[in-house]
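Below you'll find the structure, written out as structure tokens, and then a few comments.
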Amino acid sequence: MKLTNNTILITGGASGIGLGLAREFRKRDNQVIIANRSKHRLAAAKADGFVTYDVDMADAASVRGLAERVIADFPALNGVIQNAGIMQAESLQAGDSAKIQDETVAINLLGPMRLNNALIPHFLKQKSAFIMTVTSGLAFLPSAMFPTYCATKAAIHSYTQGLRYQMQGTSIEALELAPPYVQTSLTGEHQMTDPGAMPLDAFIAEVMSILTNNPETQEILVERVHALRYAESKGIENYNQQFKALNDYMAAHRTV
Ligand SMILES: NC(=O)c1ccc[n+]([C@@H]2O[C@H](COP(=O)([O-])OP(=O)(O)OC[C@H]3O[C@@H](n4cnc5c(N)ncnc54)[C@H](OP(=O)(O)O)[C@@H]3O)[C@@H](O)[C@H]2O)c1
């Protein structure tokens with residue numbers, strides 16, 4: 001993708017990875033537009049100089065309305081980073097995760113799909129455009145503690161491949177950013193300072209370096225996520241061992 005002179009909508013861009021990317025793209029002469037749900041986060045992003053829109057990515061009408069408003073206000077819109085997401089632990093034995101499952105599928109999976117449906121006709125008219133989905137290393141080696149979250153990220157990985165194939169020969173590039181565990185408040189405040197998580201600044205710097213040095217890249221993978229991304233590449237036995245090791249470790253160090 002080209003790194004300058006884009007008009008980019010970033011969902012969930014008022015915190016964590018989205019905000020880190022928003023600041024970096026703004027530095028490189030892009031118009032950056034942030035869409036969030038929380039009023040306090042929207043106010044902080046506005047105070048930081050960003051154009052902001054409110055949206056609830058779980059709500060189909062709200063998502064459609066966002067696309068219509070942004071296209072009307074910024075006809076040059078040619079990029080979206082589908083970054084908004086939630087990650088909540090579930091106990092499947094307790095049988096009480098129906099609400100988490102509904103919300104997670106609506107926000108993490110249907111949200112980006114619906115927003116793409118509303119943006120693709122506009123993007124196809126642009127000279128160059130991009131759609132960047134945000135998945136996770138856990139799309140490739142799932143954490144049992146977050147079954148629905150991991151399922152939505154694996155689904156978005158699959159969906160992004162289909163999107164990329166269908167957009168061949170058009171103006172639209174389909175990119176996937178698959179982060180490792182990064183210091184944000186995704187699962188709660190403890191994650192911001194968890195020494196086991198990659199510092200946010202280092203993660204954003206590595207992502208921008210990959211995009212700068214490999215403009216043709218389709219999957220944006222920092223070094224730290226390679227073990228998860230390629231977990232299956234050494235065969236099923238090895239994969240099963242890694243799955244067990246990851247999940248035994250997470251169960252023993254459970255913080256959420
Ligand atoms: N940090 C990690 O370890 C990690 C690893 C792999 C993948 N990721 C992915 O990276 C993305 C960004 O996460 P993050 O780590 O930066 O955490 P974060 O700071 O919590 O970012 C998530 C953002 O999504 C927004 N959001 C959630 N539900 C929304 C909704 N219904 N409508 C609109 N906005 C909504 C949140 O803001 P509101 O307050 O407005 O809801 C928040 O700004 C997520 O897709 C996540 O799955 C993160």
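We label chains A, B, ... in the order they appear in the structure tokens, count residues from 1 in each chain, and number ligands from 1 in the order shown.
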
If you run DSSP over the backbone, which residues in region 8-255 of chain A end up strand (DSSP E)? Put them as a ChimeraX atom specification.
/A:8-11,31-36,51-54,79-82,129-134,172-177,219-220

May I have the residues from that selection written out with C-alpha atoms, as a short mmCIF file (atom, residue, chain, number, x, y, z; two decimals), in the first residue's frame?
data_model
loop_
_atom_site.label_atom_id
_atom_site.label_comp_id
_atom_site.auth_asym_id
_atom_site.auth_seq_id
_atom_site.Cartn_x
_atom_site.Cartn_y
_atom_site.Cartn_z
CA ILE A 8 -8.16 6.56 6.08
CA LEU A 9 -10.98 5.54 8.39
CA ILE A 10 -9.81 3.65 11.49
CA THR A 11 -12.44 1.91 13.58
CA GLN A 31 -6.08 12.38 6.50
CA VAL A 32 -7.04 10.11 9.39
CA ILE A 33 -10.62 9.68 10.59
CA ILE A 34 -11.37 7.84 13.81
CA ALA A 35 -14.63 6.02 14.58
CA ASN A 36 -15.37 4.78 18.10
CA VAL A 51 -11.69 14.01 12.98
CA THR A 52 -14.02 11.66 14.85
CA TYR A 53 -17.31 9.87 14.26
CA ASP A 54 -19.38 7.81 16.66
CA GLY A 79 -8.71 3.30 3.06
CA VAL A 80 -10.14 1.57 6.10
CA ILE A 81 -8.43 -0.14 9.01
CA GLN A 82 -10.95 -2.54 10.51
CA ALA A 129 -7.75 1.96 -2.11
CA PHE A 130 -7.08 -0.48 0.69
CA ILE A 131 -8.92 -2.50 3.29
CA MET A 132 -6.82 -3.60 6.25
CA THR A 133 -8.39 -6.16 8.56
CA VAL A 134 -6.94 -6.74 12.02
CA ILE A 172 -8.66 -2.31 -3.79
CA GLU A 173 -5.80 -3.96 -1.91
CA ALA A 174 -6.75 -6.31 0.92
CA LEU A 175 -4.27 -6.37 3.80
CA GLU A 176 -4.29 -8.27 7.07
CA LEU A 177 -2.55 -7.13 10.23
CA GLU A 219 -0.04 -10.01 5.70
CA ILE A 220 1.63 -7.68 8.16
#

Enumerate residues in contact with ligand 1: an atom-to-atom distance of at most 7 Å, counting only C-alpha atoms and all ligand atoms. Format the result as a PyMOL selection string.
chain A and resi 11-18+35-38+41+55-58+83-87+107-108+134-137+178-186+197

C-alpha atoms of the current selection, written as a compact mmCIF listing (two decimals), in the first residue's frame:
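File selection-v9.txt, as written:
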# COMPACT_ATOMS: atom_id res chain seq x y z
CA THR A 11 -12.44 1.91 13.58
CA GLY A 12 -11.53 1.74 17.25
CA GLY A 13 -8.81 4.25 16.39
CA ALA A 14 -9.10 6.16 19.65
CA SER A 15 -7.07 3.69 21.72
CA GLY A 16 -4.31 1.09 21.62
CA ILE A 17 -3.17 -0.24 18.24
CA GLY A 18 -5.69 1.88 16.31
CA ALA A 35 -14.63 6.02 14.58
CA ASN A 36 -15.37 4.78 18.10
CA ARG A 37 -18.23 3.99 20.41
CA SER A 38 -17.09 5.44 23.77
CA ARG A 41 -12.39 8.03 23.84
CA VAL A 55 -20.27 4.27 15.70
CA ASP A 56 -21.36 1.06 17.34
CA MET A 57 -19.74 -1.64 15.23
CA ALA A 58 -22.23 -4.17 16.64
CA ASN A 83 -9.43 -2.41 13.96
CA ALA A 84 -12.32 -2.20 16.46
CA GLY A 85 -12.63 -5.35 18.50
CA ILE A 86 -13.37 -6.89 21.87
CA MET A 87 -11.77 -9.86 23.61
CA ILE A 107 -18.30 -6.47 16.64
CA ASN A 108 -15.32 -8.52 15.47
CA VAL A 134 -6.94 -6.74 12.02
CA THR A 135 -6.85 -10.37 13.07
CA SER A 136 -4.50 -11.89 15.66
CA GLY A 137 -1.80 -14.49 16.10
CA ALA A 178 -2.15 -10.02 12.68
CA PRO A 179 -0.72 -8.67 15.96
CA PRO A 180 0.92 -10.76 18.67
CA TYR A 181 0.06 -10.06 22.33
CA VAL A 182 0.55 -6.26 22.67
CA GLN A 183 0.38 -3.89 25.65
CA THR A 184 -3.10 -2.35 25.26
CA SER A 185 -6.22 -2.46 27.45
CA LEU A 186 -7.97 -5.01 25.17
CA ALA A 197 3.09 -8.45 25.97

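Non-sequential neighbours of Met208 (chain A) (distance at most 12 Å, separation of 3 or more positions within a chain, only C-alpha atoms) are Met1, Lys2, Leu3, Ile17, Gly20, Leu21, Ala22, Arg23, Glu24, Phe25, Lys27, Arg28, Leu177, Asp201, Ala202, Phe203, Ile204, Ala205, Leu211, Thr212, Asn213, Asn214, Pro215, Thr217, Ile220, Leu221 and Val222 of chain A.
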
What lies within 8 Å of region 230-247 of chain A using only C-alpha atoms, ignoring chain neighbours under 2 positions off, as a ChimeraX atom specification?
/A:140-145,226-228,249-251

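CA of Glu103 (chain A) is positioned 13.8 Å from CA of Lys153 (chain A).
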
Might you pull out every residue within 12 Å of Leu92 (chain A), with only C-alpha atoms counted and same-chain residues fewer than 6 positions away left off, and present them as number ranges by chain?
A: 98, 100-101, 144-148

Just to be explicit: take each residue in the selection above, keep C-alpha atoms, and write the result as a PDB file, in the first residue's frame.
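The result, written out as selection-v2.pdb:
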ATOM      1  CA  ALA A  98     -24.247 -16.298  25.042  1.00  0.00           C
ATOM      2  CA  ILE A 100     -20.235 -12.479  24.956  1.00  0.00           C
ATOM      3  CA  GLN A 101     -20.639 -14.662  21.869  1.00  0.00           C
ATOM      4  CA  ALA A 144      -9.026 -21.893  24.695  1.00  0.00           C
ATOM      5  CA  MET A 145      -9.878 -19.165  27.201  1.00  0.00           C
ATOM      6  CA  PHE A 146     -11.189 -16.921  24.408  1.00  0.00           C
ATOM      7  CA  PRO A 147     -12.939 -19.362  22.062  1.00  0.00           C
ATOM      8  CA  THR A 148     -15.343 -16.966  20.339  1.00  0.00           C
TER       9      THR A 148
END
